[in-house]
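Text of the file data.txt, holding compact mmCIF, C-alpha atoms:
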```
# COMPACT_ATOMS: atom_id res chain seq x y z
CA MET A 1 0.00 0.00 0.00
CA ALA A 2 1.34 3.42 -0.94
CA LEU A 3 0.08 5.97 1.59
CA LYS A 4 0.03 9.55 0.34
CA ILE A 5 -0.65 12.33 2.82
CA ILE A 6 -2.17 15.44 1.31
CA ASP A 7 -0.93 18.65 2.93
CA VAL A 8 -3.20 21.61 3.69
CA GLY A 9 -3.83 23.25 0.30
CA GLY A 10 -2.26 20.31 -1.49
CA MET A 11 -3.53 17.94 -4.17
CA GLU A 12 -2.63 14.49 -5.41
CA VAL A 13 -3.80 12.50 -8.43
CA THR A 14 -2.82 8.88 -8.82
CA GLU A 15 -3.35 5.93 -11.13
CA GLU A 16 -1.77 3.44 -8.75
CA LYS A 17 -4.25 0.79 -7.63
CA ASP A 18 -2.62 0.25 -4.23
CA SER A 19 -2.56 3.97 -3.33
CA VAL A 20 -4.34 5.34 -0.29
CA LEU A 21 -4.86 9.11 -0.08
CA LYS A 22 -5.18 10.58 3.38
CA THR A 23 -5.52 13.99 5.04
CA PHE A 24 -6.89 15.71 8.13
CA VAL A 25 -9.51 18.44 7.76
CA GLY A 26 -11.23 20.88 10.09
CA SER A 27 -12.94 23.74 8.31
CA CYS A 28 -11.23 22.68 5.07
CA ILE A 29 -12.67 20.09 2.69
CA ALA A 30 -11.14 16.85 1.53
CA LEU A 31 -12.49 16.49 -1.99
CA CYS A 32 -12.02 13.11 -3.66
CA LEU A 33 -12.70 12.60 -7.37
CA TYR A 34 -12.48 9.19 -9.01
CA ASP A 35 -13.36 7.19 -12.07
CA PRO A 36 -15.14 4.02 -10.89
CA ALA A 37 -14.08 2.08 -13.97
CA LYS A 38 -10.37 2.88 -13.62
CA ASN A 39 -7.84 3.20 -10.85
CA VAL A 40 -7.60 6.94 -11.34
CA ALA A 41 -8.41 9.13 -8.36
CA GLY A 42 -7.45 12.40 -6.73
CA MET A 43 -7.76 14.17 -3.43
CA ALA A 44 -7.52 17.90 -2.75
CA HIS A 45 -7.34 19.61 0.65
CA VAL A 46 -9.42 22.72 -0.12
CA MET A 47 -8.88 25.79 2.08
CA LEU A 48 -10.78 28.52 0.26
CA PRO A 49 -13.57 28.77 -2.36
CA THR A 50 -11.78 30.66 -5.14
CA ASN A 51 -8.45 32.12 -6.12
CA SER A 52 -9.18 35.84 -5.86
CA SER A 53 -5.58 36.88 -6.39
CA LYS A 54 -5.09 39.40 -9.17
CA LYS A 55 -1.36 38.70 -9.25
CA LEU A 56 -1.45 34.92 -9.50
CA LYS A 57 -3.70 33.43 -12.18
CA ASN A 58 -5.02 29.90 -11.70
CA GLU A 59 -2.55 28.38 -14.14
CA GLN A 60 0.37 30.06 -12.33
CA ILE A 61 -0.39 28.47 -8.98
CA PRO A 62 2.40 26.02 -8.06
CA ARG A 63 1.61 22.30 -8.01
CA SER A 64 2.02 22.13 -4.21
CA LEU A 65 -0.83 24.63 -3.73
CA GLN A 66 -3.26 23.48 -6.40
CA GLY A 67 -5.64 22.09 -3.80
CA LYS A 68 -5.90 25.37 -1.89
CA TYR A 69 -8.78 26.89 -3.87
CA ALA A 70 -11.85 24.88 -4.86
CA ASP A 71 -11.96 26.25 -8.40
CA VAL A 72 -8.28 25.57 -9.09
CA ALA A 73 -8.36 22.19 -7.36
CA ILE A 74 -11.28 20.84 -9.39
CA ASP A 75 -9.88 22.07 -12.71
CA SER A 76 -6.40 20.73 -11.95
CA MET A 77 -7.64 17.36 -10.72
CA LEU A 78 -9.88 16.89 -13.73
CA THR A 79 -7.10 17.79 -16.17
CA GLU A 80 -4.69 15.33 -14.53
CA MET A 81 -7.28 12.59 -14.21
CA LEU A 82 -8.27 12.86 -17.87
CA GLY A 83 -4.56 12.73 -18.70
CA HIS A 84 -4.42 9.40 -16.88
CA GLY A 85 -7.31 8.03 -18.96
CA ALA A 86 -10.32 8.84 -16.78
CA SER A 87 -13.57 9.54 -18.58
CA PRO A 88 -15.25 12.89 -17.77
CA LYS A 89 -18.64 11.18 -17.95
CA ARG A 90 -17.75 8.64 -15.29
CA ILE A 91 -16.09 10.87 -12.71
CA ARG A 92 -17.68 10.81 -9.25
CA ALA A 93 -17.08 12.77 -6.05
CA LYS A 94 -16.88 11.99 -2.35
CA LEU A 95 -16.12 14.69 0.17
CA ALA A 96 -15.71 15.41 3.85
CA GLY A 97 -14.94 18.33 6.15
CA GLY A 98 -16.25 21.88 6.38
CA ALA A 99 -16.49 21.75 10.17
CA LYS A 100 -18.23 24.70 11.74
CA VAL A 101 -15.31 25.54 13.99
CA PHE A 102 -16.15 29.21 13.62
CA GLN A 103 -19.78 28.73 14.69
CA HIS A 104 -19.16 30.65 17.94
CA GLU A 105 -18.40 33.64 15.73
CA GLY A 106 -21.99 33.82 14.49
CA ASP A 107 -23.71 32.94 11.25
CA SER A 108 -22.91 36.32 9.73
CA SER A 109 -19.18 35.74 9.98
CA ALA A 110 -17.43 36.58 6.74
CA PHE A 111 -14.99 33.82 7.54
CA ASP A 112 -17.39 30.89 7.64
CA VAL A 113 -15.02 29.16 5.25
CA GLY A 114 -16.43 25.70 5.80
CA LYS A 115 -19.81 26.76 4.47
CA SER A 116 -18.36 28.90 1.65
CA ASN A 117 -16.07 26.08 0.57
CA LEU A 118 -18.93 23.61 0.45
CA GLU A 119 -21.19 25.94 -1.52
CA MET A 120 -18.47 26.55 -4.10
CA ILE A 121 -17.63 22.85 -4.41
CA TYR A 122 -21.31 21.92 -4.89
CA LYS A 123 -21.63 24.62 -7.55
CA LEU A 124 -18.51 23.53 -9.43
CA LEU A 125 -19.33 19.82 -9.29
CA LYS A 126 -22.77 20.58 -10.66
CA LYS A 127 -21.23 22.65 -13.46
CA HIS A 128 -19.02 19.69 -14.42
CA ASN A 129 -21.91 17.20 -14.04
CA ILE A 130 -20.05 15.27 -11.34
CA PRO A 131 -22.41 13.50 -8.94
CA ILE A 132 -21.65 13.41 -5.22
CA ILE A 133 -21.80 9.78 -4.10
CA SER A 134 -21.22 10.35 -0.39
CA LYS A 135 -20.23 13.07 2.03
CA ASP A 136 -19.61 13.78 5.70
CA VAL A 137 -19.71 17.53 6.22
CA GLY A 138 -20.40 20.16 8.88
CA LYS A 139 -20.26 19.22 12.58
CA SER A 140 -17.95 21.06 14.91
CA HIS A 141 -14.80 18.99 14.96
CA GLY A 142 -11.98 17.89 12.71
CA ARG A 143 -11.77 14.48 11.05
CA TRP A 144 -9.31 12.42 9.10
CA VAL A 145 -10.23 11.24 5.65
CA LYS A 146 -8.85 8.20 3.82
CA PHE A 147 -9.60 7.31 0.20
CA VAL A 148 -8.69 3.82 -1.04
CA VAL A 149 -8.08 3.95 -4.79
CA ASP A 150 -8.62 0.22 -5.37
CA THR A 151 -12.10 0.06 -3.81
CA LYS A 152 -13.04 3.76 -4.17
CA ASP A 153 -14.13 3.72 -0.53
CA MET A 154 -13.75 6.80 1.62
CA PHE A 155 -13.21 6.28 5.35
CA ILE A 156 -13.83 8.98 7.94
CA GLY A 157 -12.62 9.06 11.52
CA ASP A 158 -12.80 11.51 14.36
CA TYR A 159 -12.08 11.41 18.05
CA PHE A 160 -15.71 10.67 18.90
CA LYS A 161 -15.71 7.43 16.93
CA ILE A 162 -14.01 4.21 17.89
CA ALA A 163 -13.88 2.92 14.32
CA GLU A 164 -13.68 4.64 10.96
CA THR A 165 -16.90 5.04 8.98
CA LYS A 166 -16.96 3.83 5.39
CA LEU A 167 -18.65 6.17 2.91
CA MET B 1 11.42 54.52 13.30
CA ASN B 2 10.75 55.53 16.88
CA GLU B 3 10.10 52.84 19.39
CA LEU B 4 6.53 52.23 20.36
CA GLU B 5 5.32 53.89 23.53
CA LYS B 6 4.23 51.80 26.48
CA ASN B 7 0.67 52.95 25.83
CA ASP B 8 0.90 51.68 22.24
CA LEU B 9 1.97 48.24 23.42
CA LYS B 10 -0.85 48.18 25.98
CA GLU B 11 -3.27 49.18 23.22
CA LEU B 12 -1.96 46.37 21.00
CA GLU B 13 -2.27 43.89 23.84
CA ASN B 14 -5.89 44.91 24.43
CA THR B 15 -6.65 44.71 20.71
CA PHE B 16 -5.13 41.26 20.29
CA ASP B 17 -6.72 40.13 23.54
CA SER B 18 -10.18 41.00 22.25
CA PHE B 19 -9.50 39.09 19.00
CA LEU B 20 -8.19 36.07 20.85
CA VAL B 21 -10.94 35.95 23.42
CA SER B 22 -13.65 36.40 20.85
CA LYS B 23 -12.36 34.05 18.20
CA THR B 24 -9.16 32.10 18.43
CA SER B 25 -9.60 30.62 21.90
CA GLY B 26 -13.07 29.47 20.89
CA ALA B 27 -11.86 27.79 17.71
CA LEU B 28 -9.05 26.02 19.57
CA SER B 29 -11.37 24.90 22.37
CA MET B 30 -13.85 23.54 19.87
CA MET B 31 -11.26 21.61 17.86
CA LEU B 32 -9.67 19.99 20.90
CA GLY B 33 -12.74 19.61 23.09
CA ASP B 34 -11.04 21.45 25.97
CA THR B 35 -11.46 24.98 27.30
CA PHE B 36 -8.37 27.02 26.58
CA LYS B 37 -7.34 30.08 28.56
CA HIS B 38 -4.65 32.43 27.39
CA ARG B 39 -2.23 35.10 28.51
CA ILE B 40 -0.46 37.66 26.37
CA ASN B 41 3.02 39.11 26.61
CA ILE B 42 4.22 41.71 24.08
CA VAL B 43 7.83 42.71 23.74
CA GLU B 44 9.34 45.25 21.43
CA ASN B 45 12.65 44.20 19.87
CA GLY B 46 11.22 40.88 20.87
CA LEU B 47 13.77 38.47 19.46
CA SER B 48 16.60 39.28 21.85
CA LYS B 49 14.27 39.04 24.82
CA PHE B 50 12.63 35.89 23.52
CA LYS B 51 16.02 34.18 23.21
CA LYS B 52 16.49 34.52 26.94
CA ILE B 53 13.74 31.96 27.54
CA LYS B 54 15.30 28.90 29.08
CA LEU B 55 14.00 25.47 28.17
CA ALA B 56 14.71 22.13 29.75
CA PRO B 57 17.30 20.19 27.66
CA ASP B 58 14.77 17.58 26.56
CA GLU B 59 12.42 20.27 25.32
CA MET B 60 14.78 22.19 23.04
CA LYS B 61 13.20 20.69 19.91
CA ILE B 62 9.76 22.04 19.25
CA CYS B 63 7.06 21.51 16.66
CA SER B 64 6.08 24.65 14.84
CA VAL B 65 3.42 25.67 12.36
CA HIS B 66 3.97 28.89 10.48
CA LEU B 67 1.58 31.00 8.41
CA PHE B 68 1.61 34.56 7.22
CA GLY B 69 -1.03 37.06 6.24
CA LYS B 70 -0.50 39.59 3.48
CA GLY B 71 -2.72 42.39 2.26
CA ASP B 72 -3.59 45.65 3.98
CA THR B 73 -1.13 44.66 6.67
CA GLU B 74 1.60 42.03 6.98
CA ILE B 75 1.67 39.64 9.87
CA SER B 76 3.54 36.44 10.59
CA ILE B 77 2.10 33.85 12.95
CA LEU B 78 4.16 31.01 14.37
CA TYR B 79 2.77 28.31 16.64
CA THR B 80 5.38 26.62 18.79
CA ILE B 81 4.47 23.49 20.68
CA LYS B 82 6.72 21.34 22.82
CA GLN B 83 6.89 17.81 21.43
CA LYS B 84 5.09 16.26 24.39
CA TYR B 85 2.14 18.62 23.89
CA ALA B 86 2.20 18.20 20.10
CA LYS B 87 1.89 14.44 20.60
CA LYS B 88 -0.98 15.00 23.02
CA ILE B 89 -2.80 17.27 20.54
CA ILE B 90 -2.27 14.91 17.62
CA ALA B 91 -3.36 11.88 19.66
CA LYS B 92 -6.55 13.75 20.57
CA LEU B 93 -7.27 14.84 16.99
CA LEU B 94 -6.62 11.34 15.65
CA GLY B 95 -8.65 9.64 18.35
CA GLN B 96 -5.73 7.77 19.93
CA GLU B 97 -4.88 7.29 23.60
CA SER B 98 -1.28 8.33 23.16
CA MET B 99 1.35 8.78 20.46
CA ASP B 100 5.02 7.74 20.42
CA GLU B 101 6.08 9.29 17.13
CA ILE B 102 4.60 12.17 15.15
CA SER B 103 3.28 10.67 11.92
CA GLU B 104 2.69 12.41 8.59
CA LEU B 105 -1.04 12.41 9.29
CA GLY B 106 -0.25 13.88 12.70
CA ILE B 107 1.58 16.72 10.99
CA SER B 108 -1.43 17.19 8.71
CA ALA B 109 -3.67 17.41 11.80
CA VAL B 110 -1.55 19.91 13.68
CA THR B 111 -1.07 22.12 10.61
CA GLU B 112 -4.84 22.13 10.07
CA LEU B 113 -5.23 23.25 13.68
CA GLY B 114 -2.80 26.14 13.04
CA ASN B 115 -4.71 26.94 9.87
CA ILE B 116 -8.01 27.15 11.75
CA MET B 117 -6.60 29.25 14.61
CA THR B 118 -5.04 31.66 12.13
CA GLY B 119 -8.21 31.88 10.07
CA SER B 120 -10.13 32.71 13.19
CA PHE B 121 -7.60 35.34 14.27
CA LEU B 122 -7.43 36.98 10.84
CA ASN B 123 -11.19 36.98 10.64
CA ALA B 124 -11.35 38.89 13.91
CA LEU B 125 -8.55 41.18 12.77
CA SER B 126 -10.49 41.97 9.62
CA GLU B 127 -13.67 42.70 11.56
CA GLY B 128 -11.81 44.82 14.13
CA THR B 129 -9.69 46.87 11.74
CA GLY B 130 -11.32 46.63 8.33
CA PHE B 131 -8.07 45.18 6.93
CA LYS B 132 -8.26 42.51 4.27
CA VAL B 133 -5.52 39.95 4.77
CA LYS B 134 -4.93 36.80 2.75
CA GLN B 135 -3.77 33.73 4.61
CA SER B 136 -0.95 31.48 3.41
CA THR B 137 -0.96 27.71 3.72
CA PRO B 138 0.63 26.41 6.92
CA ASN B 139 4.16 25.08 7.06
CA PHE B 140 5.37 22.55 9.66
CA VAL B 141 8.93 22.55 10.99
CA GLU B 142 10.49 20.59 13.85
CA ASP B 143 13.65 22.28 15.14
CA ASP B 144 15.19 24.26 18.00
CA LEU B 145 12.91 27.01 19.26
CA SER B 146 15.43 29.82 18.76
CA VAL B 147 16.21 28.71 15.19
CA VAL B 148 12.55 28.53 14.19
CA VAL B 149 11.67 31.89 15.72
CA GLU B 150 14.71 33.68 14.31
CA ASN B 151 14.18 32.34 10.79
CA ARG B 152 10.53 33.38 10.72
CA ALA B 153 11.18 36.80 12.26
CA GLN B 154 13.84 37.59 9.67
CA GLU B 155 11.43 36.78 6.86
CA ILE B 156 9.01 39.51 7.84
CA VAL B 157 10.98 42.14 9.76
CA ILE B 158 14.11 43.84 8.45
CA PRO B 159 16.01 45.10 10.35
CA ILE B 160 15.25 42.62 13.10
CA ASP B 161 15.37 45.41 15.72
CA ASN B 162 11.98 46.53 14.35
CA LEU B 163 10.31 43.32 15.50
CA VAL B 164 7.27 43.52 17.72
CA LEU B 165 6.60 40.04 19.10
CA THR B 166 3.39 39.06 20.82
CA ASP B 167 3.62 35.79 22.69
CA VAL B 168 0.22 34.26 23.45
CA GLU B 169 0.24 31.16 25.62
CA PHE B 170 -2.87 28.98 25.43
CA VAL B 171 -3.34 26.48 28.22
CA GLY B 172 -5.95 23.72 28.13
CA THR B 173 -7.97 23.65 31.35
CA ASP B 174 -8.42 19.87 31.43
CA SER B 175 -5.41 18.61 29.46
CA GLY B 176 -2.79 21.13 30.59
CA THR B 177 -1.67 21.32 26.94
CA LYS B 178 0.26 24.47 26.11
CA ILE B 179 0.45 26.13 22.71
CA HIS B 180 2.37 29.33 22.03
CA MET B 181 1.14 31.62 19.29
CA LEU B 182 3.85 34.10 18.33
CA ILE B 183 2.50 37.05 16.37
CA MET B 184 5.29 38.92 14.58
CA GLN B 185 5.15 42.27 12.87
CA ASP B 186 7.34 45.29 12.27
CA ARG B 187 6.60 48.56 14.06
CA GLN B 188 4.96 50.15 11.03
CA ASN B 189 2.37 47.40 10.69
CA THR B 190 1.87 47.33 14.45
CA ARG B 191 0.99 51.02 14.38
CA LYS B 192 -1.43 50.47 11.50
CA ILE B 193 -3.30 47.81 13.47
CA ILE B 194 -3.46 49.93 16.61
CA GLU B 195 -4.77 52.96 14.67
CA ASN B 196 -7.36 51.05 12.68
CA ALA B 197 -8.58 49.07 15.68
CA LYS B 198 -8.98 52.36 17.57
CA ASN B 199 -10.92 53.91 14.68
CA GLY B 200 -13.00 50.75 14.36
CA SER B 201 -13.99 50.72 18.01
CA GLU B 202 -14.81 54.44 17.91
CA ASN B 203 -17.07 53.91 14.90
CA ASN B 204 -18.91 51.00 16.55
```

Show me this structure written as structure tokens.
Amino acid sequence: MALKIIDVGGMEVTEEKDSVLKTFVGSCIALCLYDPAKNVAGMAHVMLPTNSSKKLKNEQIPRSLQGKYADVAIDSMLTEMLGHGASPKRIRAKLAGGAKVFQHEGDSSAFDVGKSNLEMIYKLLKKHNIPIISKDVGKSHGRWVKFVVDTKDMFIGDYFKIAETKL
Amino acid sequence: MNELEKNDLKELENTFDSFLVSKTSGALSMMLGDTFKHRINIVENGLSKFKKIKLAPDEMKICSVHLFGKGDTEISILYTIKQKYAKKIIAKLLGQESMDEISELGISAVTELGNIMTGSFLNALSEGTGFKVKQSTPNFVEDDLSVVVENRAQEIVIPIDNLVLTDVEFVGTDSGTKIHMLIMQDRQNTRKIIENAKNGSENN
């Protein structure tokens, strides 16, 4: 098994059957895209909804930060996955995270990133016609997320659970 | 640039204190399921004074998470955590009783914690001053405390004598876990925050 840890703001796409992609998210989102008919899958650790930088265009963002923004992450993952032979019509999504760790700051908080990230991801997945197969979002605590490329299962764990949940 | 007056430092302490009480402590408490209290200590020309801190020999190596904010003001935030506390935090986040070695996933967990605390702090800073500040991704380093602090301070403040260092110590009520949040700025950006926070509170 090849374990690949995705850093905050990072992204990984693989075509290795024995790969396992893993990360820890709080308010961020672990977004997994995969082609069920092939061993092509990716995971992004999304921090923010969009790249609003005027200086750095999406295509100029370094590889190590391509998971940071939802818009860049989805475009980059799709491009790489198609390059590995995935079919755009078959691609599916599983996602987890977006904890409301800022909920004590009130609903009006401009920094409710968990919610903003989720809304942007839903919008972009819809635009690309990518169905969401399963998700574990919201709540008020962090969780670790594991995606097994071979089986396309996503496992979620947090400190309230004794065992990981398969999604 | 002239040194900051004592009143300025007190003003900065009050400003940061309101941000930390209202936001950051809450986010940390929620993530770790423990109530965190904090105390603040601000020192001008902070690096030389910070170096005087003595640590037990087995605690020289620390885990650190660094982020910076750039935009209407520049600010560098470094979290320093003794290894024994870092292991405690990671074990808690990963649902384990204890932890012997810090794993890659453990690093991912502790950097996400730094990311959330910083997001919460910058959110409060934005609300309190009107400044828009973009947050970097977090970076994890395990090294000697003085090396980590000096390297990060030099990235944001030149000359280093202009450093204003705010040391916030968070202590978990139940766990006893300690996390230091070192907020680093130069004097110019410190003044900007004090002025805008003052104007913000007068307008409210």

Can you build me a table of chain B residues sitting at most 7 Å from chain A, with the closest atom pair per residue and its distance in Å to one decimal, using only C-alpha atoms, sorted by chain and residue number, as a Markdown table?
```
| residue | atom | partner | partner_atom | distance |
| --- | --- | --- | --- | --- |
| B:Lys23 | CA | A:Glu105 | CA | 6.5 |
| B:Gly26 | CA | A:His104 | CA | 6.9 |
| B:Ala27 | CA | A:Val101 | CA | 5.6 |
| B:Met30 | CA | A:Val101 | CA | 6.4 |
| B:Met31 | CA | A:His141 | CA | 5.3 |
| B:Lys92 | CA | A:Tyr159 | CA | 6.5 |
| B:Leu93 | CA | A:Tyr159 | CA | 6.0 |
| B:Leu94 | CA | A:Tyr159 | CA | 6.0 |
| B:Gly95 | CA | A:Tyr159 | CA | 3.9 |
| B:Glu104 | CA | A:Ile5 | CA | 6.7 |
| B:Leu105 | CA | A:Thr23 | CA | 6.4 |
| B:Ser108 | CA | A:Phe24 | CA | 5.7 |
| B:Ala109 | CA | A:Phe24 | CA | 5.2 |
| B:Glu112 | CA | A:Val25 | CA | 6.4 |
| B:Ile116 | CA | A:Ser27 | CA | 6.9 |
| B:Ser120 | CA | A:Phe102 | CA | 7.0 |
| B:Asn123 | CA | A:Phe111 | CA | 5.8 |
| B:Thr137 | CA | A:Gly9 | CA | 6.3 |
| B:Pro138 | CA | A:Val8 | CA | 6.9 |
```

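The environment of Pro88 in chain A within 10 Å, counting all atoms listed in the file and disregarding residues fewer than 4 places along the same chain, consists of Tyr34, Asp35, Leu78, Thr79, Met81, Leu82, Arg92, His128, Asn129 and Ile130 of chain A.
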
Write out as JSON, numbers by chain the residues lying within 10 Å of Ile61 in chain A, counting all atoms listed in the file and excluding same-chain residues fewer than 6 positions away. {"A": [51, 67, 68, 69, 72]}

Find the residues around Glu44 in chain B up to 12 Å (all atoms listed in the file counted), leave out those fewer than 6 positions away in its own chain, and share them as an MDAnalysis selection string. chainID B and resid 2:6 8:10 12:13 50 160:167 183:187 190

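The protein and nucleic acid residues lying at most 8 Å from Val13 in chain A are Val40, Ala41, Gly42, Met43, Met77, Glu80 and Met81 of chain A, with all atoms listed in the file considered and sequence neighbours fewer than 5 positions away removed.
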
Write the residues you've just listed into a file as a PDB file, keeping the file's coordinate frame, and include C-alpha atoms for each of them.
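Written out: result.pdb:
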```pdb
ATOM      1  CA  VAL A  40      -7.600   6.940 -11.340  1.00  0.00           C
ATOM      2  CA  ALA A  41      -8.410   9.130  -8.360  1.00  0.00           C
ATOM      3  CA  GLY A  42      -7.450  12.400  -6.730  1.00  0.00           C
ATOM      4  CA  MET A  43      -7.760  14.170  -3.430  1.00  0.00           C
ATOM      5  CA  MET A  77      -7.640  17.360 -10.720  1.00  0.00           C
ATOM      6  CA  GLU A  80      -4.690  15.330 -14.530  1.00  0.00           C
ATOM      7  CA  MET A  81      -7.280  12.590 -14.210  1.00  0.00           C
TER       8      MET A  81
END
```

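For the pair CA of Val149 in chain B and CA of Gly119 in chain B, the interatomic distance is 20.7 Å.
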
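Interatomic distance, CA of Phe16 in chain B against CA of Val168 in chain B: 9.4 Å.
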
Which polymer residues have any atom within 8 Å of an atom of Ile156 in chain A, counting only C-alpha atoms, with same-chain residues fewer than 5 positions away left out, as number ranges by chain? A: 96, 136, 143-146, 164-167

Two-atom distance - CA of Ile62 in chain B, CA of Lys134 in chain B (Å): 26.6 Å

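The smallest atom-to-atom distance between Lys115 in chain A and any of A:Met154, A:Gly97, A:Met11, A:Ile74, using all atoms listed in the file, is found for A:Gly97.
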
Could I see range 92-113 of chain B restored to N, CA and C atoms, set down as a CSV table (one decimal), in the frame of the given file?
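Once everything was written out, this is rebuild_21.csv:
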```csv
chain,number,residue,atom,x,y,z
B,92,LYS,N,-5.1,13.4,20.4
B,92,LYS,CA,-6.6,13.8,20.6
B,92,LYS,C,-7.3,13.9,19.2
B,93,LEU,N,-6.6,14.6,18.3
B,93,LEU,CA,-7.3,14.8,17.0
B,93,LEU,C,-7.5,13.5,16.2
B,94,LEU,N,-6.5,12.6,16.4
B,94,LEU,CA,-6.6,11.3,15.6
B,94,LEU,C,-7.3,10.2,16.4
B,95,GLY,N,-7.9,10.6,17.6
B,95,GLY,CA,-8.6,9.6,18.4
B,95,GLY,C,-7.8,8.5,19.0
B,96,GLN,N,-6.6,8.8,19.3
B,96,GLN,CA,-5.7,7.8,19.9
B,96,GLN,C,-5.4,8.1,21.4
B,97,GLU,N,-5.2,7.1,22.2
B,97,GLU,CA,-4.9,7.3,23.6
B,97,GLU,C,-3.6,8.1,23.8
B,98,SER,N,-2.6,7.7,23.1
B,98,SER,CA,-1.3,8.3,23.2
B,98,SER,C,-0.5,8.2,21.8
B,99,MET,N,0.6,8.8,21.7
B,99,MET,CA,1.4,8.8,20.5
B,99,MET,C,2.8,8.8,20.8
B,100,ASP,N,3.6,7.8,20.2
B,100,ASP,CA,5.0,7.7,20.4
B,100,ASP,C,5.8,8.6,19.4
B,101,GLU,N,5.4,8.5,18.2
B,101,GLU,CA,6.1,9.3,17.1
B,101,GLU,C,5.1,10.2,16.4
B,102,ILE,N,5.5,11.3,15.9
B,102,ILE,CA,4.6,12.2,15.2
B,102,ILE,C,4.6,11.7,13.7
B,103,SER,N,3.4,11.2,13.3
B,103,SER,CA,3.3,10.7,11.9
B,103,SER,C,3.0,11.8,10.9
B,104,GLU,N,3.0,11.4,9.6
B,104,GLU,CA,2.7,12.4,8.6
B,104,GLU,C,1.3,12.9,8.7
B,105,LEU,N,0.4,12.0,9.1
B,105,LEU,CA,-1.0,12.4,9.3
B,105,LEU,C,-1.1,13.3,10.5
B,106,GLY,N,-0.3,13.0,11.5
B,106,GLY,CA,-0.2,13.9,12.7
B,106,GLY,C,0.2,15.3,12.3
B,107,ILE,N,1.1,15.4,11.5
B,107,ILE,CA,1.6,16.7,11.0
B,107,ILE,C,0.4,17.4,10.2
B,108,SER,N,-0.3,16.6,9.4
B,108,SER,CA,-1.4,17.2,8.7
B,108,SER,C,-2.5,17.7,9.7
B,109,ALA,N,-2.7,17.0,10.8
B,109,ALA,CA,-3.7,17.4,11.8
B,109,ALA,C,-3.3,18.7,12.5
B,110,VAL,N,-2.0,18.7,12.9
B,110,VAL,CA,-1.6,19.9,13.7
B,110,VAL,C,-1.4,21.2,12.8
B,111,THR,N,-1.1,21.0,11.5
B,111,THR,CA,-1.1,22.1,10.6
B,111,THR,C,-2.5,22.6,10.3
B,112,GLU,N,-3.4,21.7,10.3
B,112,GLU,CA,-4.8,22.1,10.1
B,112,GLU,C,-5.3,22.9,11.3
B,113,LEU,N,-4.9,22.5,12.5
B,113,LEU,CA,-5.2,23.2,13.7
B,113,LEU,C,-4.7,24.7,13.6
```
